[in-house]
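Enquirer: Quick one: this structure, given as structure tokens, is what I'll be asking you about.
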Amino acid sequence: MTTESAAAAAYTFPADLKASVSHWWSTPKNASQLAEEGLVRRGLGEIELVSPEEVTKRAAAGITKKIAVFRDVLLDGLGVKGSDRKRWFLHSLEGILGQPIKDEAESVTIVCHGYGNGLGFYFQNLQALTSQPATRTYFLDWLGMGRSGRPSFPYIKTSDDSPAGVKARVTAAENFFVDSLEEFRIKSEIKRPMTLVGHSIGGYLSSAYALRFPENVKKLVLISPVGVPLSPYAPAAQKGLKKTTRDEGAEIAAALEHDMLPSASAAAESSHLPPAPKTWWTYLWEKNYSPFGVLRGAGFMGPSLLSRYASRRFATFEDDVKSDLFSYLYEISTARGSGEYCLAHLLAPGAYGRSPLLERLDKLDVPITFIYGDHDWMDSKGGYDVVKKLKAKAESQETADQKRYSRVIINPHSGHWVHLENPEGFNQIIERILQE
């Protein structure tokens, strides 16, 4: 192939009108499946991806080689009728040692993605996580996200701003995910306490699961989790702080332009409150407008809109990977709206937890590790504050491992997508944590 033809064959994101329409019109219905499978096969390396039927055959033949398999686990969806019933399932990738029957000596790790993502974005970490000895590893798409089922998100009352009303609102939203994860555990016959690994809102939801079912969790690994620190606008966080002036607010906004959200870390490093989110942004957030709804409503312009983000986020990847990443992200982003509507119930404008994990995680007695990128927009101070509280707990047999192994780790050369932007560094960190 000549240099000219190679350049012509290079992948380009469908940013212009013609390419956007073409992508929107010609994309096959199973595009997300094909893209996900392509990413997963690359990430597994020598670990073979097989069908559920092949797992059974290999087990009968006594083959114990490490393999991976996609599984969709049907959920009960109690009380649900009609077309919504078929949407209650969780999509997962399972890494096993060639046998479908769980070994009681196996450790179990469940890896969960962040908001608007799917398990495919862990493709560079699959081999490191799946190759752990005597460990069964599950990569899970949250209910209503990724390639899991998209049932209707429950109606949740938002008019009661009292502490009891906010707590009820947060609990209802958390339970949509926590209940489905617990049913997945039961139906997957996972009987040993698990290590939960979660990115961003996946870290928040993993924590919510651990708080409700502490007996089922051995360890928490929270990758740049959302909802940890107190909001700087909460009364307890405002003591000794002055309001930011217009000029100071302009300086902070310029520094955080690429984030779109005010950073709690900015407040932590100064004696000023960060500027409040803009009124229009707050309005849209509280009304639970979804950015994915914009993509769905954009129709044939959707690929073009997403290209503006993807061309920056995936710029460093090879062409075939770019193609799969874009197709995968576009398809899961434009699928039926469901789990995405949790956001305004769990987080206040500015992405601060309505029920901050800082005030809750010390109720657990398991080791908790926070992993952040060195230029992460998420506030690492929240993680440090949690660890400080855990270390200050009274000495006891139950808290010994927690006090010893809880910590904050910074992955260099990465931002919020810690595992995607520096996979080598992340893989070294997560392997060390899992082997402890």
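Identifiers in this document derive from the order of the structure tokens: chains are assigned A, B, ..., residues are numbered from 1 separately in each chain, and ligands are numbered from 1 in order of occurrence.
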Please report, as an MDAnalysis selection string, each residue of segment 163-397 of chain A to which DSSP assigns alpha helix (DSSP H) when run on this structure's backbone.
Expert: chainID A and resid 163:187 201:212 246:255 264:268 279:286 291:297 302:313 319:334 343:346 380:391
Enquirer: Contacts of Asp161 of chain A at 12 Å or less, counting only C-alpha atoms, minus same-chain residues fewer than 5 places along, as a VMD selection string?
Expert: chain A and resid 166 to 170 345 348 354
Enquirer: Env of Pro214 of chain A: 9 Å cut, atoms = only C-alpha atoms, seq-sep filter 2 positions within chain, self excluded. Answer as an mmCIF file with all heavy atoms, in the first residue's frame.
Expert:
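File produced: out_6.cif:
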```cif
data_model
loop_
_atom_site.group_PDB
_atom_site.id
_atom_site.type_symbol
_atom_site.label_atom_id
_atom_site.label_comp_id
_atom_site.auth_asym_id
_atom_site.auth_seq_id
_atom_site.Cartn_x
_atom_site.Cartn_y
_atom_site.Cartn_z
ATOM 1 N N PRO A 193 -17.186 -13.137 49.828
ATOM 2 C CA PRO A 193 -17.109 -11.669 49.761
ATOM 3 C C PRO A 193 -16.277 -11.232 48.568
ATOM 4 O O PRO A 193 -15.262 -11.841 48.234
ATOM 5 C CB PRO A 193 -16.432 -11.300 51.090
ATOM 6 C CG PRO A 193 -16.789 -12.413 52.016
ATOM 7 C CD PRO A 193 -16.778 -13.650 51.160
ATOM 8 N N TYR A 209 -23.489 -0.126 47.349
ATOM 9 C CA TYR A 209 -23.734 -1.559 47.521
ATOM 10 C C TYR A 209 -23.050 -2.063 48.792
ATOM 11 O O TYR A 209 -23.655 -2.809 49.588
ATOM 12 C CB TYR A 209 -23.226 -2.346 46.319
ATOM 13 C CG TYR A 209 -23.388 -3.846 46.485
ATOM 14 C CD1 TYR A 209 -24.554 -4.492 46.077
ATOM 15 C CD2 TYR A 209 -22.396 -4.613 47.087
ATOM 16 C CE1 TYR A 209 -24.719 -5.859 46.263
ATOM 17 C CE2 TYR A 209 -22.555 -5.976 47.281
ATOM 18 C CZ TYR A 209 -23.713 -6.594 46.861
ATOM 19 O OH TYR A 209 -23.878 -7.946 47.061
ATOM 20 N N ALA A 210 -21.805 -1.687 49.004
ATOM 21 C CA ALA A 210 -21.064 -2.149 50.178
ATOM 22 C C ALA A 210 -21.715 -1.681 51.476
ATOM 23 O O ALA A 210 -21.730 -2.411 52.474
ATOM 24 C CB ALA A 210 -19.620 -1.651 50.097
ATOM 25 N N LEU A 211 -22.264 -0.474 51.466
ATOM 26 C CA LEU A 211 -22.919 0.043 52.667
ATOM 27 C C LEU A 211 -24.200 -0.719 52.980
ATOM 28 O O LEU A 211 -24.564 -0.891 54.149
ATOM 29 C CB LEU A 211 -23.218 1.533 52.483
ATOM 30 C CG LEU A 211 -21.993 2.449 52.554
ATOM 31 C CD1 LEU A 211 -22.292 3.815 51.942
ATOM 32 C CD2 LEU A 211 -21.539 2.597 54.004
ATOM 33 N N ARG A 212 -24.869 -1.187 51.950
ATOM 34 C CA ARG A 212 -26.108 -1.938 52.175
ATOM 35 C C ARG A 212 -25.851 -3.420 52.421
ATOM 36 O O ARG A 212 -26.577 -4.065 53.198
ATOM 37 C CB ARG A 212 -27.028 -1.765 50.963
ATOM 38 C CG ARG A 212 -28.370 -2.425 51.162
ATOM 39 C CD ARG A 212 -29.352 -2.004 50.122
ATOM 40 N NE ARG A 212 -30.468 -2.909 50.039
ATOM 41 C CZ ARG A 212 -31.351 -2.951 49.055
ATOM 42 N NH1 ARG A 212 -31.223 -2.085 48.050
ATOM 43 N NH2 ARG A 212 -32.331 -3.812 49.038
ATOM 44 N N ASN A 216 -21.027 -8.856 51.991
ATOM 45 C CA ASN A 216 -20.693 -9.395 50.668
ATOM 46 C C ASN A 216 -19.444 -8.759 50.058
ATOM 47 O O ASN A 216 -19.068 -9.120 48.936
ATOM 48 C CB ASN A 216 -21.862 -9.179 49.692
ATOM 49 C CG ASN A 216 -23.105 -9.941 50.099
ATOM 50 O OD1 ASN A 216 -23.025 -10.923 50.827
ATOM 51 N ND2 ASN A 216 -24.258 -9.481 49.637
ATOM 52 N N VAL A 217 -18.825 -7.840 50.772
ATOM 53 C CA VAL A 217 -17.700 -7.091 50.203
ATOM 54 C C VAL A 217 -16.443 -7.296 51.050
ATOM 55 O O VAL A 217 -16.465 -7.129 52.265
ATOM 56 C CB VAL A 217 -18.036 -5.590 50.101
ATOM 57 C CG1 VAL A 217 -16.849 -4.803 49.550
ATOM 58 C CG2 VAL A 217 -19.260 -5.389 49.210
ATOM 59 N N LYS A 218 -15.353 -7.621 50.354
ATOM 60 C CA LYS A 218 -14.059 -7.829 51.008
ATOM 61 C C LYS A 218 -13.167 -6.602 50.894
ATOM 62 O O LYS A 218 -12.350 -6.321 51.777
ATOM 63 C CB LYS A 218 -13.357 -9.026 50.368
ATOM 64 C CG LYS A 218 -11.987 -9.348 50.942
ATOM 65 C CD LYS A 218 -11.388 -10.590 50.308
ATOM 66 C CE LYS A 218 -10.976 -10.344 48.873
ATOM 67 N NZ LYS A 218 -10.231 -11.510 48.293
ATOM 68 N N LEU A 364 -17.987 1.352 57.118
ATOM 69 C CA LEU A 364 -17.480 0.066 56.636
ATOM 70 C C LEU A 364 -16.190 -0.304 57.360
ATOM 71 O O LEU A 364 -15.458 0.567 57.841
ATOM 72 C CB LEU A 364 -17.206 0.140 55.132
ATOM 73 C CG LEU A 364 -18.409 0.394 54.220
ATOM 74 C CD1 LEU A 364 -17.937 0.622 52.780
ATOM 75 C CD2 LEU A 364 -19.385 -0.783 54.276
ATOM 76 N N ASP A 365 -15.898 -1.612 57.408
ATOM 77 C CA ASP A 365 -14.673 -2.098 58.037
ATOM 78 C C ASP A 365 -13.742 -2.775 57.050
ATOM 79 O O ASP A 365 -12.848 -3.521 57.441
ATOM 80 C CB ASP A 365 -15.017 -3.085 59.169
ATOM 81 C CG ASP A 365 -15.665 -2.400 60.357
ATOM 82 O OD1 ASP A 365 -15.360 -1.215 60.596
ATOM 83 O OD2 ASP A 365 -16.490 -3.039 61.042
ATOM 84 N N VAL A 366 -13.927 -2.529 55.757
ATOM 85 C CA VAL A 366 -13.097 -3.173 54.736
ATOM 86 C C VAL A 366 -12.065 -2.180 54.211
ATOM 87 O O VAL A 366 -12.257 -0.962 54.293
ATOM 88 C CB VAL A 366 -13.958 -3.689 53.562
ATOM 89 C CG1 VAL A 366 -14.953 -4.729 54.055
ATOM 90 C CG2 VAL A 366 -14.673 -2.530 52.863
#
```
Enquirer: Each residue of segment 326-385 of chain A lying at most 8 Å from segment 116-127 of chain A should get a row with its shortest atom-to-atom pair and the distance in Å to one decimal, counting only C-alpha atoms; could you produce that, ordered by chain and increasing number, as a tab-separated table?
Expert:
```
residue	atom	partner	partner_atom	distance
A:Tyr328	CA	A:Gly120	CA	7.9
A:Leu329	CA	A:Asn117	CA	7.3
A:Ile332	CA	A:Gly116	CA	7.6
A:Ser333	CA	A:Gly116	CA	6.5
A:Glu340	CA	A:Gly116	CA	6.9
```
Enquirer: Within 12 Å of His413 of chain A, counting only C-alpha atoms, which residues show up once you throw out same-chain ones fewer than 6 positions away? Write them as a list in words, please.
Expert: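 After dropping sequence-adjacent residues, the list is Tyr372, Gly373, Asp374, His375, Asp376, His419, Leu420, Glu421, Asn422, Pro423, Glu424, Gly425 and Phe426 of chain A.
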Enquirer: Between atom CA of Glu215 of chain A and atom CA of Cys342 of chain A, what is the distance in Å, rounded to a tenth?
Expert: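 Separation between atom CA of Glu215 of chain A and atom CA of Cys342 of chain A: 25.5 Å.
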Enquirer: Find the residues near Phe70 of chain A: any atom within 8 Å, counting only C-alpha atoms, skip ones fewer than 4 places away on the same chain, and give them as a PyMOL selection string.
Expert: chain A and resi 50-52+91-94
Enquirer: Pick out the residues sitting within 9 Å of segment 429-432 of chain A, and hand them over as a ChimeraX atom specification; count only C-alpha atoms, and ignore anything fewer than 6 positions along from it in its own chain.
Expert: /A:128-129,132,221,371,409,411
Enquirer: Take the residues just selected and output them with C-alpha atoms as a PDB file, in the first residue's frame.
Expert:
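Wrote it out as again.pdb, contents follow:
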```pdb
ATOM      1  CA  ALA A 128      -4.192  -7.647  33.974  1.00  0.00           C
ATOM      2  CA  LEU A 129      -7.488  -8.069  35.822  1.00  0.00           C
ATOM      3  CA  GLN A 132      -5.185 -12.920  38.500  1.00  0.00           C
ATOM      4  CA  VAL A 221     -11.227  -0.002  44.937  1.00  0.00           C
ATOM      5  CA  ILE A 371      -7.017   5.813  42.698  1.00  0.00           C
ATOM      6  CA  ILE A 409      -2.779   6.226  45.023  1.00  0.00           C
ATOM      7  CA  ASN A 411      -1.635   7.216  38.706  1.00  0.00           C
TER       8      ASN A 411
END
```
Enquirer: Given the choices A:Gly415, A:Lys322, A:Ala344, A:Tyr330, which gets closest to Thr12 of chain A if the distance is worked out from only C-alpha atoms?
Expert: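 Selected residue with least distance to Thr12 of chain A: A:Lys322.
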Enquirer: Could you jot down the atom CA of Val321 of chain A to atom CA of Arg42 of chain A separation for me, Å, one decimal place?
Expert: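 Taking atom CA of Val321 of chain A as the start and atom CA of Arg42 of chain A as the end point, the length is 9.0 Å.
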Enquirer: For Arg71 of chain A, find every residue with an atom within 12 Å (counting only C-alpha atoms), except residues of its own chain fewer than 3 positions away, and show them as a list in words.
Expert: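 Non-adjacent residues within range: Leu49, Val50, Ser51, Pro52, Glu53, Val55, Ala68, Leu74, Phe89, Leu90, His91, Ser92, Leu93, Glu94, Gly95, Pro100, Tyr138, Phe139, Leu140, Asp141, Arg147, Ser148, Phe184, Lys187 and Ser188 of chain A.
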Enquirer: Interatomic distance between atom CA of Ser338 of chain A and atom CA of Gly149 of chain A?
Expert: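 A separation of 8.8 Å between them.
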Enquirer: I'd like to know which of A:Met301, A:Asp72, A:Val226, A:Ile368 is closest to Lys86 of chain A, using only C-alpha atoms.
Expert: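 Checking each of A:Met301, A:Asp72, A:Val226, A:Ile368 against Lys86 of chain A, counting only C-alpha atoms, the winner is A:Asp72.
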